>>> print(open('my_file.cif').read())   # mmCIF, C-alpha atoms and all ligand atoms
data_my_file
loop_
_atom_site.label_atom_id
_atom_site.label_comp_id
_atom_site.auth_asym_id
_atom_site.auth_seq_id
_atom_site.Cartn_x
_atom_site.Cartn_y
_atom_site.Cartn_z
CA MET A 22 147.13 -101.33 77.36
CA SER A 23 144.05 -102.84 75.67
CA LEU A 24 144.44 -105.52 73.03
CA ALA A 25 143.23 -103.01 70.43
CA ASP A 26 145.99 -100.54 71.40
CA SER A 27 148.57 -103.26 71.53
CA LEU A 28 147.61 -104.44 68.03
CA GLN A 29 147.79 -100.90 66.65
CA THR A 30 151.17 -100.32 68.29
CA ILE A 31 152.63 -103.45 66.68
CA LEU A 32 151.01 -102.82 63.28
CA LYS A 33 152.63 -99.36 63.18
CA THR A 34 156.06 -101.02 63.24
CA ILE A 35 155.30 -103.49 60.43
CA PRO A 36 155.39 -102.50 56.73
CA SER A 37 152.08 -103.05 54.94
CA ASP A 38 153.50 -105.85 52.78
CA VAL A 39 154.50 -107.90 55.84
CA ARG A 40 151.69 -109.97 57.31
CA LEU A 41 151.20 -110.21 61.07
CA ILE A 42 150.30 -113.59 62.55
CA ALA A 43 148.97 -113.12 66.08
CA VAL A 44 150.34 -116.06 68.06
CA SER A 45 147.47 -116.91 70.39
CA LYS A 46 148.75 -120.07 72.12
CA THR A 47 147.65 -120.15 75.79
CA ARG A 48 145.25 -117.24 75.12
CA SER A 49 141.52 -117.61 75.64
CA ALA A 50 138.98 -117.70 72.84
CA LYS A 51 137.62 -114.48 74.32
CA GLU A 52 140.93 -112.66 73.90
CA ILE A 53 141.26 -113.93 70.33
CA GLU A 54 137.73 -112.82 69.54
CA GLU A 55 138.47 -109.36 70.90
CA MET A 56 141.50 -109.06 68.63
CA TYR A 57 139.57 -110.49 65.70
CA HIS A 58 137.01 -107.73 66.10
CA CYS A 59 139.86 -105.21 65.81
CA GLY A 60 140.50 -106.55 62.32
CA GLN A 61 143.17 -109.19 62.97
CA ILE A 62 142.24 -112.39 61.11
CA ASP A 63 145.45 -114.46 61.12
CA PHE A 64 146.16 -116.42 64.31
CA GLY A 65 148.90 -118.94 65.07
CA GLU A 66 148.83 -121.91 67.43
CA ASN A 67 151.39 -124.62 68.16
CA LYS A 68 149.27 -127.32 69.82
CA VAL A 69 146.70 -129.19 67.74
CA GLN A 70 144.33 -129.90 70.65
CA GLU A 71 144.22 -126.20 71.58
CA LEU A 72 143.85 -125.20 67.94
CA ILE A 73 140.82 -127.41 67.26
CA GLU A 74 139.08 -126.27 70.44
CA LYS A 75 139.52 -122.64 69.43
CA TYR A 76 138.50 -123.36 65.85
CA ASP A 77 135.18 -124.67 67.19
CA GLN A 78 134.59 -121.58 69.31
CA LEU A 79 135.60 -118.80 66.94
CA PRO A 80 134.24 -117.32 63.70
CA LYS A 81 134.92 -119.52 60.68
CA SER A 82 136.57 -116.63 58.82
CA VAL A 83 139.56 -116.72 61.20
CA ARG A 84 142.67 -117.90 59.32
CA TRP A 85 144.43 -120.49 61.47
CA HIS A 86 148.18 -121.06 61.20
CA GLN A 87 149.92 -124.16 62.58
CA ILE A 88 153.27 -122.75 63.69
CA GLY A 89 154.80 -125.43 65.94
CA HIS A 90 156.12 -128.93 65.34
CA LEU A 91 153.29 -131.06 63.95
CA GLN A 92 153.03 -134.79 64.63
CA LYS A 93 151.94 -136.89 61.66
CA ASN A 94 149.09 -138.53 63.57
CA LYS A 95 147.55 -135.11 64.31
CA VAL A 96 147.42 -133.80 60.74
CA LYS A 97 143.95 -135.30 60.23
CA TYR A 98 142.44 -133.05 62.91
CA ILE A 99 143.49 -129.79 61.27
CA ALA A 100 143.40 -130.78 57.59
CA PRO A 101 139.73 -129.78 57.10
CA PHE A 102 140.27 -126.12 58.01
CA ILE A 103 143.93 -125.11 58.46
CA TYR A 104 144.95 -122.03 56.44
CA LEU A 105 148.74 -122.44 56.48
CA ILE A 106 151.09 -125.00 58.07
CA HIS A 107 154.41 -123.24 58.81
CA SER A 108 156.21 -126.24 60.25
CA VAL A 109 156.83 -128.91 57.61
CA ASP A 110 160.10 -130.37 58.89
CA SER A 111 160.23 -133.78 57.21
CA ILE A 112 159.24 -135.44 53.95
CA ASP A 113 157.21 -138.00 55.94
CA LEU A 114 155.10 -135.20 57.38
CA LEU A 115 154.56 -133.75 53.92
CA GLU A 116 153.40 -137.16 52.67
CA THR A 117 150.86 -137.33 55.48
CA ILE A 118 149.67 -133.80 54.70
CA GLU A 119 149.24 -134.80 51.05
CA LYS A 120 147.09 -137.80 52.06
CA GLU A 121 144.89 -135.80 54.40
CA ALA A 122 144.51 -132.99 51.86
CA LEU A 123 143.27 -135.51 49.31
CA LYS A 124 140.81 -137.02 51.81
CA ASN A 125 139.41 -133.57 52.50
CA ASN A 126 139.35 -132.63 48.85
CA ARG A 127 141.54 -129.60 49.54
CA THR A 128 144.91 -128.25 48.56
CA LEU A 129 146.82 -127.56 51.79
CA SER A 130 149.22 -124.62 51.92
CA VAL A 131 152.50 -125.17 53.72
CA LEU A 132 155.89 -123.66 54.44
CA LEU A 133 159.08 -125.69 54.72
CA GLN A 134 160.66 -125.06 58.11
CA ILE A 135 164.41 -124.74 57.84
CA LYS A 136 166.77 -125.06 60.78
CA ILE A 137 168.85 -121.90 60.85
CA ALA A 138 169.56 -121.67 64.60
CA GLN A 139 172.69 -122.93 66.30
CA GLU A 140 170.70 -124.65 69.04
CA GLU A 141 170.27 -128.42 68.94
CA SER A 142 166.63 -128.53 69.95
CA LYS A 143 165.02 -126.66 67.08
CA TYR A 144 163.20 -128.64 64.42
CA GLY A 145 163.75 -128.05 60.75
CA LEU A 146 165.08 -129.21 57.40
CA THR A 147 168.55 -128.53 56.04
CA PHE A 148 168.74 -126.30 52.98
CA ASP A 149 169.63 -129.38 50.91
CA SER A 150 166.66 -131.44 52.01
CA ALA A 151 164.33 -128.46 51.51
CA LEU A 152 165.61 -128.12 47.96
CA GLU A 153 165.04 -131.83 47.36
CA ILE A 154 161.43 -131.46 48.47
CA LEU A 155 160.93 -128.42 46.21
CA LYS A 156 162.27 -130.44 43.28
CA LEU A 157 159.98 -133.39 44.02
CA LYS A 158 157.03 -131.02 44.16
CA LYS A 159 158.02 -129.48 40.84
CA ASP A 160 158.25 -132.97 39.33
CA GLY A 161 154.62 -133.58 40.25
CA LYS A 162 154.77 -135.13 43.70
CA PHE A 163 152.37 -133.85 46.43
CA PRO A 164 149.65 -132.62 44.04
CA HIS A 165 147.37 -131.58 46.94
CA VAL A 166 150.00 -129.50 48.66
CA SER A 167 150.99 -125.95 47.79
CA ILE A 168 154.46 -125.02 49.03
CA LYS A 169 154.10 -121.27 49.57
CA GLY A 170 157.49 -120.58 51.08
CA LEU A 171 159.83 -121.04 54.02
CA MET A 172 159.88 -120.59 57.78
CA GLY A 173 162.78 -120.26 60.18
CA MET A 174 163.53 -119.45 63.81
CA ALA A 175 166.74 -117.73 64.84
CA SER A 176 168.83 -118.67 67.86
CA PHE A 177 167.58 -117.45 71.22
CA THR A 178 170.35 -114.95 71.89
CA ASP A 179 170.99 -111.25 72.48
CA ASN A 180 173.67 -111.35 69.79
CA ILE A 181 171.97 -109.40 67.00
CA ASN A 182 174.74 -110.23 64.53
CA GLN A 183 174.13 -113.92 65.02
CA VAL A 184 170.36 -113.49 64.54
CA GLU A 185 170.94 -111.36 61.46
CA LYS A 186 173.29 -113.92 60.00
CA GLU A 187 170.73 -116.69 60.46
CA PHE A 188 167.79 -114.74 59.01
CA SER A 189 169.93 -113.55 56.09
CA SER A 190 171.00 -117.10 55.24
CA LEU A 191 167.33 -118.09 54.95
CA HIS A 192 166.51 -114.98 52.93
CA ASP A 193 169.38 -115.73 50.52
CA PHE A 194 168.06 -119.25 49.96
CA TYR A 195 164.53 -117.87 49.51
CA ILE A 196 165.62 -115.31 46.91
CA THR A 197 167.72 -117.86 45.03
CA HIS A 198 164.81 -120.29 44.62
CA GLN A 199 161.82 -117.98 44.77
CA LYS A 200 161.13 -117.75 41.04
CA GLU A 201 161.71 -121.35 40.08
CA TYR A 202 159.46 -122.76 42.78
CA GLY A 203 156.89 -119.97 43.03
CA LEU A 204 157.64 -119.04 46.66
CA THR A 205 155.86 -115.98 48.04
CA VAL A 206 156.12 -116.33 51.83
CA LEU A 207 159.12 -116.01 54.13
CA SER A 208 157.92 -116.52 57.71
CA MET A 209 160.51 -115.30 60.20
CA GLY A 210 160.49 -113.08 63.27
CA MET A 211 158.92 -113.33 66.73
CA SER A 212 158.37 -110.80 69.54
CA ASP A 213 162.05 -110.29 70.32
CA ASP A 214 163.50 -110.36 66.81
CA TYR A 215 160.79 -109.40 64.32
CA LEU A 216 162.30 -106.00 63.46
CA THR A 217 165.59 -107.70 62.61
CA ALA A 218 163.68 -110.32 60.60
CA ILE A 219 161.86 -107.62 58.62
CA ASN A 220 165.18 -105.92 57.87
CA CYS A 221 166.39 -109.29 56.60
CA GLY A 222 163.45 -109.66 54.20
CA SER A 223 160.70 -111.39 56.19
CA THR A 224 157.18 -111.27 54.67
CA MET A 225 155.36 -112.78 57.66
CA VAL A 226 156.01 -112.28 61.38
CA ARG A 227 154.65 -114.47 64.20
CA ILE A 228 154.13 -112.37 67.31
CA GLY A 229 152.70 -113.57 70.62
CA SER A 230 153.92 -112.04 73.86
CA LYS A 231 154.52 -108.53 72.47
CA LEU A 232 150.89 -108.52 71.39
CA PHE A 233 149.03 -110.29 74.20
CA GLY A 234 151.48 -109.79 77.08
CA LYS A 235 153.63 -112.46 78.74
CA ARG A 236 152.31 -116.01 78.50
CA ASN A 237 151.35 -117.78 81.69
CA TYR A 238 151.62 -121.51 81.07
CA THR A 239 150.10 -122.49 84.41
CA VAL A 240 146.64 -121.13 83.61
C1 LIG A 301 155.36 -119.07 70.44
C2 LIG A 301 155.85 -118.95 69.06
C3 LIG A 301 155.99 -117.69 68.44
C4 LIG A 301 155.71 -116.38 69.15
O1 LIG A 301 156.57 -116.19 70.23
P1 LIG A 301 156.64 -114.76 70.97
O2 LIG A 301 158.04 -114.69 71.45
O3 LIG A 301 155.64 -114.83 72.08
O4 LIG A 301 156.31 -113.72 70.00
C5 LIG A 301 156.40 -117.66 67.12
N1 LIG A 301 156.69 -118.78 66.44
C6 LIG A 301 156.59 -120.00 66.99
C7 LIG A 301 156.90 -121.20 66.16
C8 LIG A 301 156.16 -120.13 68.31
O5 LIG A 301 156.06 -121.35 68.86
#
>>> encode(input="my_file.cif", output="structure tokens")
Amino acid sequence: MSLADSLQTILKTIPSDVRLIAVSKTRSAKEIEEMYHCGQIDFGENKVQELIEKYDQLPKSVRWHQIGHLQKNKVKYIAPFIYLIHSVDSIDLLETIEKEALKNNRTLSVLLQIKIAQEESKYGLTFDSALEILKLKKDGKFPHVSIKGLMGMASFTDNINQVEKEFSSLHDFYITHQKEYGLTVLSMGMSDDYLTAINCGSTMVRIGSKLFGKRNYTV
């Protein structure tokens, strides 16, 4: 299947008010460009080095999303151009983002990543610490940051009930605080669980392998 067909196939399964982020990590600039010319403008990457190389090679109207864990010392490389950072998982990181946003004379848009999975390894804030950050923001801290919403990753499991439970817990928190803190984005769902995520209220899905085919990390 061509990338154009693959994109159309996925788009048919996504409601028009849910935004598709094409996760292009490990994919070539050529593949991204091909998909861009089919009308896809949002792309997600998880490694800063790879992201800045692709930023240099691709049209400036591409909207780049940082979706993976972000180290503080790398924020400066993406601050001039990043469209949305999905992976704010500590207050320290948010402070660094604020500083770099100011230096670049921009307001940087971010999502707070919340740990909803059972697994130990996944990054993310607790609901309580996310709420603390939202309150600080409301009280005037981080003036060069716009907290657009929340991001979460479900456990890697075939147990749909478990995945549903995790996505629903994030959606509940989102709905509870949406109005007060002006949240408009709920980023959840990947290739294997995006339909479940959409059923649980996702507004943004991050899809890689279902769109581009299986990743080959050795290339
Ligand atoms: C790789 C990645 C995705 C996409 O994964 P697929 O299973 O290939 O769709 C989504 N979100 C994050 C944070 C990722 O690192």
>>> closest_atom_pairs(input="my_file.cif", of="chain A", to="ligand LIG 301 (chain A)", cutoff="7 Å", atoms="all atoms listed in the file", output="JSON lines")
{"residue": "A:Val44", "atom": "CA", "partner": "A:LIG301", "partner_atom": "C4", "distance": 5.5}
{"residue": "A:Lys46", "atom": "CA", "partner": "A:LIG301", "partner_atom": "C1", "distance": 6.9}
{"residue": "A:Asn67", "atom": "CA", "partner": "A:LIG301", "partner_atom": "O5", "distance": 5.7}
{"residue": "A:Ile88", "atom": "CA", "partner": "A:LIG301", "partner_atom": "C7", "distance": 4.7}
{"residue": "A:Gly89", "atom": "CA", "partner": "A:LIG301", "partner_atom": "C7", "distance": 4.7}
{"residue": "A:Met211", "atom": "CA", "partner": "A:LIG301", "partner_atom": "O4", "distance": 4.2}
{"residue": "A:Ser212", "atom": "CA", "partner": "A:LIG301", "partner_atom": "O4", "distance": 3.6}
{"residue": "A:Asp213", "atom": "CA", "partner": "A:LIG301", "partner_atom": "O2", "distance": 6.1}
{"residue": "A:Arg227", "atom": "CA", "partner": "A:LIG301", "partner_atom": "C5", "distance": 4.7}
{"residue": "A:Ile228", "atom": "CA", "partner": "A:LIG301", "partner_atom": "O4", "distance": 3.7}
{"residue": "A:Gly229", "atom": "CA", "partner": "A:LIG301", "partner_atom": "O3", "distance": 3.5}
{"residue": "A:Ser230", "atom": "CA", "partner": "A:LIG301", "partner_atom": "O3", "distance": 3.7}
{"residue": "A:Lys231", "atom": "CA", "partner": "A:LIG301", "partner_atom": "O4", "distance": 6.0}
>>> closest_residue(input="my_file.cif", among="A:Leu191, A:Val184, A:Leu204, A:Ile53", to="Leu155 (chain A)", atoms="all atoms listed in the file")
A:Leu204
>>> residues_around(input="my_file.cif", residues="Leu32 (chain A)", least_positions_apart="2", cutoff="12 Å", atoms="only C-alpha atoms", output="PDB file with C-alpha atoms, in the frame of the given file")
ATOM      1  CA  ALA A  25     143.230-103.010  70.430  1.00  0.00           C
ATOM      2  CA  ASP A  26     145.990-100.540  71.400  1.00  0.00           C
ATOM      3  CA  SER A  27     148.570-103.260  71.530  1.00  0.00           C
ATOM      4  CA  LEU A  28     147.610-104.440  68.030  1.00  0.00           C
ATOM      5  CA  GLN A  29     147.790-100.900  66.650  1.00  0.00           C
ATOM      6  CA  THR A  30     151.170-100.320  68.290  1.00  0.00           C
ATOM      7  CA  THR A  34     156.060-101.020  63.240  1.00  0.00           C
ATOM      8  CA  ILE A  35     155.300-103.490  60.430  1.00  0.00           C
ATOM      9  CA  PRO A  36     155.390-102.500  56.730  1.00  0.00           C
ATOM     10  CA  SER A  37     152.080-103.050  54.940  1.00  0.00           C
ATOM     11  CA  ASP A  38     153.500-105.850  52.780  1.00  0.00           C
ATOM     12  CA  VAL A  39     154.500-107.900  55.840  1.00  0.00           C
ATOM     13  CA  ARG A  40     151.690-109.970  57.310  1.00  0.00           C
ATOM     14  CA  LEU A  41     151.200-110.210  61.070  1.00  0.00           C
ATOM     15  CA  ILE A  42     150.300-113.590  62.550  1.00  0.00           C
ATOM     16  CA  ALA A  43     148.970-113.120  66.080  1.00  0.00           C
ATOM     17  CA  CYS A  59     139.860-105.210  65.810  1.00  0.00           C
ATOM     18  CA  GLY A  60     140.500-106.550  62.320  1.00  0.00           C
ATOM     19  CA  GLN A  61     143.170-109.190  62.970  1.00  0.00           C
ATOM     20  CA  TYR A 215     160.790-109.400  64.320  1.00  0.00           C
ATOM     21  CA  LEU A 216     162.300-106.000  63.460  1.00  0.00           C
ATOM     22  CA  VAL A 226     156.010-112.280  61.380  1.00  0.00           C
ATOM     23  CA  ILE A 228     154.130-112.370  67.310  1.00  0.00           C
ATOM     24  CA  LYS A 231     154.520-108.530  72.470  1.00  0.00           C
ATOM     25  CA  LEU A 232     150.890-108.520  71.390  1.00  0.00           C
TER      26      LEU A 232
END
>>> atom_distance(input="my_file.cif", atom1="CA of Tyr57 (chain A)", atom2="CA of Ser45 (chain A)")
11.2 Å
>>> residues_near_point(input="my_file.cif", point="(137.0, -115.5, 71.9)", cutoff="12 Å", atoms="only C-alpha atoms", output="PyMOL selection string")
chain A and resi 45+48-58+64+74-80+83
>>> closest_residue(input="my_file.cif", among="A:Lys156, A:Arg84, A:Lys186, A:Lys162", to="Leu115 (chain A)", atoms="all atoms listed in the file")
A:Lys162
>>> residues_near_point(input="my_file.cif", point="(154.2, -119.1, 52.3)", cutoff="7 Å", atoms="all atoms listed in the file", output="VMD selection string")
chain A and resid 131 to 132 168 to 171 204 to 207
>>> closest_residue(input="my_file.cif", among="A:Gly161, A:Thr217, A:Lys120, A:Ser108", to="Tyr144 (chain A)", atoms="all atoms listed in the file")
A:Ser108
>>> closest_residue(input="my_file.cif", among="A:Ala138, A:Met209, A:Ile103, A:Leu123", to="Thr178 (chain A)", atoms="all atoms listed in the file")
A:Ala138
>>> atom_distance(input="my_file.cif", atom1="CA of Asp179 (chain A)", atom2="CA of Gly210 (chain A)")
14.1 Å
>>> atom_distance(input="my_file.cif", atom1="CA of Ala151 (chain A)", atom2="CA of Ile106 (chain A)")
15.2 Å
>>> closest_residue(input="my_file.cif", among="A:Asp193, A:Asp214, A:Glu119, A:Glu141", to="Ala175 (chain A)", atoms="all atoms listed in the file")
A:Asp214
>>> residues_around(input="my_file.cif", residues="Glu121 (chain A)", least_positions_apart="2", cutoff="9 Å", atoms="all atoms listed in the file", output="PyMOL selection string")
chain A and resi 96-97+100-101+116-119+123-127+129+165
>>> decode(input="my_file.cif", residues="region 169-191 of chain A", atoms="N, CA, C and O atoms", output="short mmCIF file (atom, residue, chain, number, x, y, z; two decimals), in the first residue's frame")
data_model
loop_
_atom_site.label_atom_id
_atom_site.label_comp_id
_atom_site.auth_asym_id
_atom_site.auth_seq_id
_atom_site.Cartn_x
_atom_site.Cartn_y
_atom_site.Cartn_z
N LYS A 169 -1.92 23.33 26.87
CA LYS A 169 -3.09 23.07 26.02
C LYS A 169 -3.90 21.87 26.50
O LYS A 169 -5.08 21.75 26.14
N GLY A 170 -3.25 20.95 27.21
CA GLY A 170 -3.99 19.76 27.61
C GLY A 170 -3.10 18.69 28.19
O GLY A 170 -2.06 19.00 28.79
N LEU A 171 -3.50 17.44 27.98
CA LEU A 171 -2.86 16.30 28.65
C LEU A 171 -2.51 15.21 27.65
O LEU A 171 -3.12 15.09 26.59
N MET A 172 -1.51 14.42 28.02
CA MET A 172 -1.13 13.26 27.20
C MET A 172 -0.95 12.05 28.10
O MET A 172 -0.55 12.20 29.25
N GLY A 173 -1.30 10.88 27.57
CA GLY A 173 -1.09 9.67 28.35
C GLY A 173 -0.90 8.47 27.46
O GLY A 173 -1.37 8.44 26.32
N MET A 174 -0.15 7.49 27.97
CA MET A 174 0.06 6.23 27.25
C MET A 174 -0.46 5.09 28.11
O MET A 174 -0.11 4.98 29.29
N ALA A 175 -1.26 4.22 27.50
CA ALA A 175 -1.82 3.09 28.24
C ALA A 175 -0.79 1.97 28.35
O ALA A 175 0.20 1.96 27.63
N SER A 176 -1.06 1.03 29.22
CA SER A 176 -0.19 -0.15 29.36
C SER A 176 -0.11 -0.89 28.04
O SER A 176 -1.06 -0.90 27.25
N PHE A 177 1.04 -1.54 27.81
CA PHE A 177 1.23 -2.35 26.62
C PHE A 177 0.66 -3.73 26.92
O PHE A 177 1.34 -4.60 27.45
N THR A 178 -0.61 -3.92 26.61
CA THR A 178 -1.28 -5.19 26.95
C THR A 178 -2.43 -5.45 25.99
O THR A 178 -2.95 -4.52 25.37
N ASP A 179 -2.79 -6.73 25.86
CA ASP A 179 -3.94 -7.09 25.02
C ASP A 179 -5.26 -6.93 25.79
O ASP A 179 -6.33 -7.09 25.22
N ASN A 180 -5.15 -6.66 27.07
CA ASN A 180 -6.33 -6.54 27.92
C ASN A 180 -7.02 -5.19 27.68
O ASN A 180 -6.66 -4.17 28.25
N ILE A 181 -8.04 -5.21 26.81
CA ILE A 181 -8.74 -3.99 26.41
C ILE A 181 -9.39 -3.28 27.59
O ILE A 181 -9.41 -2.06 27.66
N ASN A 182 -9.88 -4.07 28.55
CA ASN A 182 -10.50 -3.46 29.74
C ASN A 182 -9.51 -2.61 30.51
O ASN A 182 -9.84 -1.53 30.99
N GLN A 183 -8.30 -3.13 30.63
CA GLN A 183 -7.24 -2.40 31.33
C GLN A 183 -6.94 -1.09 30.60
O GLN A 183 -6.88 -0.01 31.20
N VAL A 184 -6.77 -1.17 29.28
CA VAL A 184 -6.46 0.00 28.46
C VAL A 184 -7.59 1.03 28.57
O VAL A 184 -7.35 2.22 28.76
N GLU A 185 -8.82 0.53 28.50
CA GLU A 185 -9.99 1.41 28.62
C GLU A 185 -10.04 2.11 29.96
O GLU A 185 -10.33 3.31 30.05
N LYS A 186 -9.72 1.37 30.99
CA LYS A 186 -9.73 1.92 32.35
C LYS A 186 -8.71 3.06 32.46
O LYS A 186 -8.99 4.12 33.03
N GLU A 187 -7.55 2.84 31.88
CA GLU A 187 -6.48 3.85 31.97
C GLU A 187 -6.83 5.10 31.17
O GLU A 187 -6.71 6.22 31.66
N PHE A 188 -7.29 4.91 29.93
CA PHE A 188 -7.68 6.07 29.11
C PHE A 188 -8.85 6.82 29.77
O PHE A 188 -8.88 8.05 29.77
N SER A 189 -9.80 6.08 30.32
CA SER A 189 -10.97 6.73 30.93
C SER A 189 -10.59 7.54 32.15
O SER A 189 -11.16 8.61 32.40
N SER A 190 -9.60 7.06 32.91
CA SER A 190 -9.17 7.80 34.10
C SER A 190 -8.58 9.15 33.68
O SER A 190 -8.81 10.17 34.32
N LEU A 191 -7.86 9.16 32.58
CA LEU A 191 -7.27 10.41 32.09
C LEU A 191 -8.36 11.33 31.54
O LEU A 191 -8.36 12.55 31.78
#
